[in-house]
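Presented below is the structure to which this report refers.
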Amino acid sequence: MSGVKKCYDLATLAEASYILFDKLNNVYSDEKVRLALQNTDVNHGSFSATQAADFVDHWQVISHQKNTPESGFSATLFRNKDTNEYIYACRGTEGAFSDDLWSADYGDIVTDGLAIKQIVDMYNDWIRLHTANKGVYQAAYLERQEAESDNLRGLSGQALIDYLEELRSRSDIVIDEPGGVVYRIQFADSTTVFNDERAQGLGKLTGSESLSVTGHSLGGHLAAAFTRLFPGLGAEAITINGAGFATGLTPGLSGNAQLNIANLFGILEGNEDFDASKIQNLYGSAGPEFVTMDNYLGLVQQGAHDEVFIERWGPGQTFGHGKGQMTDSLAVFDLFSQVDASLTLSTITGLLEISANKADHTLESAVSALEKLFVTGFNPRGWRSAA
């Protein structure tokens, strides 16, 4: 799996995907990006001045898809200035009362097995990035099937059981619960599907680029889905507290997960299954693993599931699920890897767990210890507390 530095880099980009870069009006200069990363009011920035300056030294914003009206999907394409690698970062859930929390996290992933509408929007965004500037592309869209939806909502008892069995034998539909809506995935010219900027291609990619994908929470779920949607790209996904898929014993709360997962990826011409070697989920050590669980009775991670030490959990830290604390911890992991490149995530987690008597001060104690050993020229780059 990926080295410590790449894990830290992609955690940083997963956090950066939450920034409202659309407020920059497609002008992604280093100065504008640096300020946006820090601007909490306008851009929802969360970076310190030190982090933001380091970020623009190494990363360039290539394209940003603002929240789509259909599902709230958002993603940002970054380029590494040092290696020319591209990173496609999918945003996760926006707050406790956002549309994507209830629609994608609960309504789709937990109930239906995967984030149906956001995956369709992600598919279109990626195709758009490859389509010639202002060109027309074949866009996917969900077409509501009125007769099937009416039957699904109107039947009860054995008649409903029999009808569900009939629907689940089909390969051309997905079932969206709660609500009982049956959709077919159709394709049409982007100029027909969209009446906004998505109607035209962007011409940002050629298809030959080195690529990785990332995302936090819901964004991690989407990043894993990306590897199955576009297997020919060979992209590796590093997900941060990513949500899994209902591929275990429980086929989603609706019972439709097996149908939805197979049909959605099949119609969009993805792989028949996930490639576990391409997916690595990093989860915080503190707090319950609810969203990021790897449980055959619930949501299942589709690749490696690796623990990262974080100091604490509670409401203020989103019960250990927060993106910022994962980035902060991995910044310290990166410091250790600069000292000894052979250190792994599990080794560093073990070192941090025994490095301080008080868990709340573990990261601070670890950095202080490194500073004592390497005072001259040692730069704790990227750590939020270094600002």
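Chains: A, B, ... in order of the structure tokens. Residues: from 1 per chain. Ligands: from 1, in order shown.
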
Surrounding residues of Leu259 (chain A) excluding itself and chain neighbours under 4 positions, 10 Å, only C-alpha atoms, as a ChimeraX atom specification: /A:112-113,167-175,251,255,263-264

Prev. selection, N, CA, C and O atoms, output as a compact mmCIF listing (two decimals), in the first residue's frame:
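In the end it all went to result.txt:
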# COMPACT_ATOMS: atom_id res chain seq x y z
N ASP A 112 -29.47 2.18 0.42
CA ASP A 112 -29.44 1.59 -0.92
C ASP A 112 -28.13 0.90 -1.27
O ASP A 112 -28.02 0.30 -2.33
N GLY A 113 -27.11 1.01 -0.42
CA GLY A 113 -25.86 0.30 -0.66
C GLY A 113 -24.74 1.15 -1.21
O GLY A 113 -23.57 0.81 -1.05
N LEU A 167 -38.47 -6.83 -9.71
CA LEU A 167 -37.58 -5.69 -9.97
C LEU A 167 -36.12 -6.08 -9.79
O LEU A 167 -35.24 -5.66 -10.56
N ARG A 168 -35.84 -6.88 -8.77
CA ARG A 168 -34.46 -7.24 -8.46
C ARG A 168 -33.86 -8.22 -9.47
O ARG A 168 -32.66 -8.49 -9.42
N SER A 169 -34.68 -8.72 -10.37
CA SER A 169 -34.16 -9.58 -11.43
C SER A 169 -33.72 -8.78 -12.65
O SER A 169 -33.14 -9.34 -13.58
N ARG A 170 -33.97 -7.48 -12.63
CA ARG A 170 -33.65 -6.64 -13.78
C ARG A 170 -32.23 -6.08 -13.70
O ARG A 170 -31.68 -5.89 -12.61
N SER A 171 -31.65 -5.79 -14.85
CA SER A 171 -30.29 -5.26 -14.91
C SER A 171 -30.25 -3.83 -15.43
O SER A 171 -29.18 -3.28 -15.63
N ASP A 172 -31.42 -3.21 -15.60
CA ASP A 172 -31.47 -1.88 -16.23
C ASP A 172 -31.98 -0.79 -15.30
O ASP A 172 -32.23 0.33 -15.74
N ILE A 173 -32.13 -1.08 -14.00
CA ILE A 173 -32.70 -0.10 -13.08
C ILE A 173 -31.90 -0.03 -11.78
O ILE A 173 -31.10 -0.92 -11.47
N VAL A 174 -32.14 1.04 -11.03
CA VAL A 174 -31.73 1.14 -9.63
C VAL A 174 -32.96 1.58 -8.85
O VAL A 174 -33.86 2.22 -9.38
N ILE A 175 -33.00 1.21 -7.58
CA ILE A 175 -34.14 1.53 -6.72
C ILE A 175 -33.66 2.45 -5.61
O ILE A 175 -32.75 2.10 -4.85
N PRO A 251 -27.89 -6.41 2.70
CA PRO A 251 -27.89 -5.67 1.42
C PRO A 251 -28.53 -4.29 1.54
O PRO A 251 -29.47 -3.96 0.83
N GLY A 255 -32.65 -3.59 1.28
CA GLY A 255 -32.52 -4.91 0.68
C GLY A 255 -32.17 -4.88 -0.80
O GLY A 255 -32.09 -5.92 -1.44
N ASN A 263 -25.97 -3.00 -10.92
CA ASN A 263 -26.54 -2.32 -12.07
C ASN A 263 -25.91 -0.96 -12.32
O ASN A 263 -25.68 -0.58 -13.48
N LEU A 264 -25.64 -0.20 -11.26
CA LEU A 264 -25.07 1.13 -11.46
C LEU A 264 -23.71 1.04 -12.13
O LEU A 264 -23.45 1.71 -13.15

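Neighbours of region 337-349 of chain A closer than or equal to 7 Å, with only C-alpha atoms counted and sequence neighbours fewer than 5 positions away skipped, come out as A:Val4, A:Glu307, A:Val308, A:Phe309.
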
Could you dump the residues just selected with N, CA, C and O atoms as an mmCIF file, in the first residue's frame?
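Output saved as part.cif:
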data_model
loop_
_atom_site.group_PDB
_atom_site.id
_atom_site.type_symbol
_atom_site.label_atom_id
_atom_site.label_comp_id
_atom_site.auth_asym_id
_atom_site.auth_seq_id
_atom_site.Cartn_x
_atom_site.Cartn_y
_atom_site.Cartn_z
ATOM 1 N N VAL A 4 3.842 6.581 3.752
ATOM 2 C CA VAL A 4 3.307 7.558 4.696
ATOM 3 C C VAL A 4 3.144 8.931 4.055
ATOM 4 O O VAL A 4 2.130 9.602 4.244
ATOM 5 N N GLU A 307 -5.409 1.677 10.429
ATOM 6 C CA GLU A 307 -5.611 2.587 11.554
ATOM 7 C C GLU A 307 -4.567 3.700 11.568
ATOM 8 O O GLU A 307 -3.380 3.469 11.323
ATOM 9 N N VAL A 308 -5.017 4.917 11.871
ATOM 10 C CA VAL A 308 -4.141 6.075 12.065
ATOM 11 C C VAL A 308 -4.415 6.639 13.453
ATOM 12 O O VAL A 308 -5.576 6.910 13.800
ATOM 13 N N PHE A 309 -3.377 6.810 14.248
ATOM 14 C CA PHE A 309 -3.565 7.338 15.594
ATOM 15 C C PHE A 309 -4.110 8.758 15.549
ATOM 16 O O PHE A 309 -3.579 9.625 14.847
#

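By chain and then residue number, the residues within 10 Å of Asn26 (chain A) are A:Phe21, A:Asp22, A:Lys23, A:Ser29, A:Val61, A:Ile62, A:Ser63, A:His64, counting only C-alpha atoms and disregarding those fewer than 3 positions away in sequence.
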
Expected file: the selected residues, C-alpha atoms, as a short mmCIF file (atom, residue, chain, number, x, y, z; two decimals), in the first residue's frame:
data_model
loop_
_atom_site.label_atom_id
_atom_site.label_comp_id
_atom_site.auth_asym_id
_atom_site.auth_seq_id
_atom_site.Cartn_x
_atom_site.Cartn_y
_atom_site.Cartn_z
CA PHE A 21 -13.04 27.14 -4.88
CA ASP A 22 -16.01 28.14 -7.04
CA LYS A 23 -15.91 31.49 -5.25
CA SER A 29 -3.68 31.54 -8.97
CA VAL A 61 -5.94 23.63 -8.56
CA ILE A 62 -6.84 22.54 -12.12
CA SER A 63 -10.62 22.33 -11.95
CA HIS A 64 -13.39 22.51 -9.37
#

Can you list, as a PyMOL selection string, every protein, DNA or RNA residue that comes within 9 Å of Lys5 (chain A) when you count only C-alpha atoms, leaving out same-chain residues fewer than 3 positions away? chain A and resi 2+8-10+330-331+333-335+337-338

Just the residues within 12 Å of Arg79 (chain A), please, counting only C-alpha atoms, with nothing from its chain fewer than 4 positions along; format it as a VMD selection string. chain A and resid 9 to 10 13 28 55 to 63 83 to 89 204 to 205 209 to 213

Based on DSSP run over this structure's backbone, return all residues of region 67-297 of chain A in strand (DSSP E or B), as a VMD selection string. chain A and resid 75 to 80 86 to 90 138 to 144 173 to 176 181 to 189 211 to 216 236 to 240 245 279 to 284

Those selected residues, please, written with C-alpha atoms and delivered as a compact mmCIF listing (two decimals), in the first residue's frame.
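After the write, out-v5.txt holds the following:
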# COMPACT_ATOMS: atom_id res chain seq x y z
CA ALA A 75 -14.85 17.45 -6.50
CA THR A 76 -11.57 19.21 -7.22
CA LEU A 77 -8.77 18.17 -9.58
CA PHE A 78 -5.29 18.99 -8.28
CA ARG A 79 -1.86 18.69 -9.91
CA ASN A 80 1.37 18.04 -8.06
CA TYR A 86 -3.00 14.47 -10.75
CA ILE A 87 -5.24 13.91 -7.74
CA TYR A 88 -9.01 13.83 -8.05
CA ALA A 89 -10.44 14.69 -4.63
CA CYS A 90 -14.14 14.17 -3.86
CA GLN A 138 -22.48 11.69 -23.55
CA ALA A 139 -23.79 12.44 -20.07
CA ALA A 140 -25.56 9.97 -17.79
CA TYR A 141 -28.80 10.86 -16.05
CA LEU A 142 -31.44 9.17 -13.94
CA GLU A 143 -34.83 8.78 -15.61
CA ARG A 144 -37.67 8.15 -13.19
CA ILE A 173 -32.70 -0.10 -13.08
CA VAL A 174 -31.73 1.14 -9.63
CA ILE A 175 -34.14 1.53 -6.72
CA ASP A 176 -33.83 4.64 -4.56
CA VAL A 181 -38.39 5.60 -6.73
CA VAL A 182 -37.20 3.41 -9.59
CA TYR A 183 -34.75 4.92 -12.07
CA ARG A 184 -33.19 3.89 -15.34
CA ILE A 185 -29.77 5.30 -16.16
CA GLN A 186 -29.90 6.89 -19.59
CA PHE A 187 -27.39 8.74 -21.76
CA ALA A 188 -27.79 11.83 -23.94
CA ASP A 189 -25.76 14.75 -25.25
CA LEU A 211 -3.69 9.72 -11.29
CA SER A 212 -4.76 8.98 -7.73
CA VAL A 213 -8.12 9.64 -6.07
CA THR A 214 -9.05 10.58 -2.53
CA GLY A 215 -11.83 11.82 -0.33
CA HIS A 216 -13.02 11.99 3.26
CA GLU A 236 -5.18 4.22 -6.57
CA ALA A 237 -7.67 5.46 -3.97
CA ILE A 238 -6.57 6.57 -0.52
CA THR A 239 -9.71 7.30 1.47
CA ILE A 240 -9.90 9.13 4.79
CA PHE A 245 -20.46 -0.31 0.62
CA ILE A 279 -8.13 0.93 -2.34
CA GLN A 280 -6.75 1.89 1.07
CA ASN A 281 -9.00 3.37 3.76
CA LEU A 282 -7.37 5.22 6.65
CA TYR A 283 -9.49 5.50 9.79
CA GLY A 284 -8.96 7.33 13.07

Contacts of Leu35 (chain A) at 10 Å or less, counting only C-alpha atoms, minus same-chain residues fewer than 2 places along, as a PDB file with C-alpha atoms, in the first residue's frame?
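Result written to result19.pdb:
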ATOM      1  CA  ASP A  30      -1.427  30.516  -6.092  1.00  0.00           C
ATOM      2  CA  GLU A  31      -2.315  33.685  -4.172  1.00  0.00           C
ATOM      3  CA  LYS A  32      -6.063  33.232  -4.561  1.00  0.00           C
ATOM      4  CA  VAL A  33      -5.882  29.553  -3.592  1.00  0.00           C
ATOM      5  CA  LEU A  37      -7.624  27.813   2.015  1.00  0.00           C
ATOM      6  CA  GLN A  38      -7.601  30.100   5.056  1.00  0.00           C
ATOM      7  CA  ASN A  39     -10.842  32.044   4.515  1.00  0.00           C
ATOM      8  CA  THR A  40     -13.390  30.464   6.854  1.00  0.00           C
ATOM      9  CA  ASN A  43     -14.530  29.688   1.179  1.00  0.00           C
ATOM     10  CA  GLY A  45     -11.268  27.355   4.598  1.00  0.00           C
ATOM     11  CA  PHE A  47      -5.948  25.671   6.754  1.00  0.00           C
ATOM     12  CA  ALA A  49      -1.188  30.146   7.146  1.00  0.00           C
ATOM     13  CA  ALA A  52      -1.742  27.134   3.001  1.00  0.00           C
ATOM     14  CA  ALA A  53       1.703  28.437   2.012  1.00  0.00           C
TER      15      ALA A  53
END
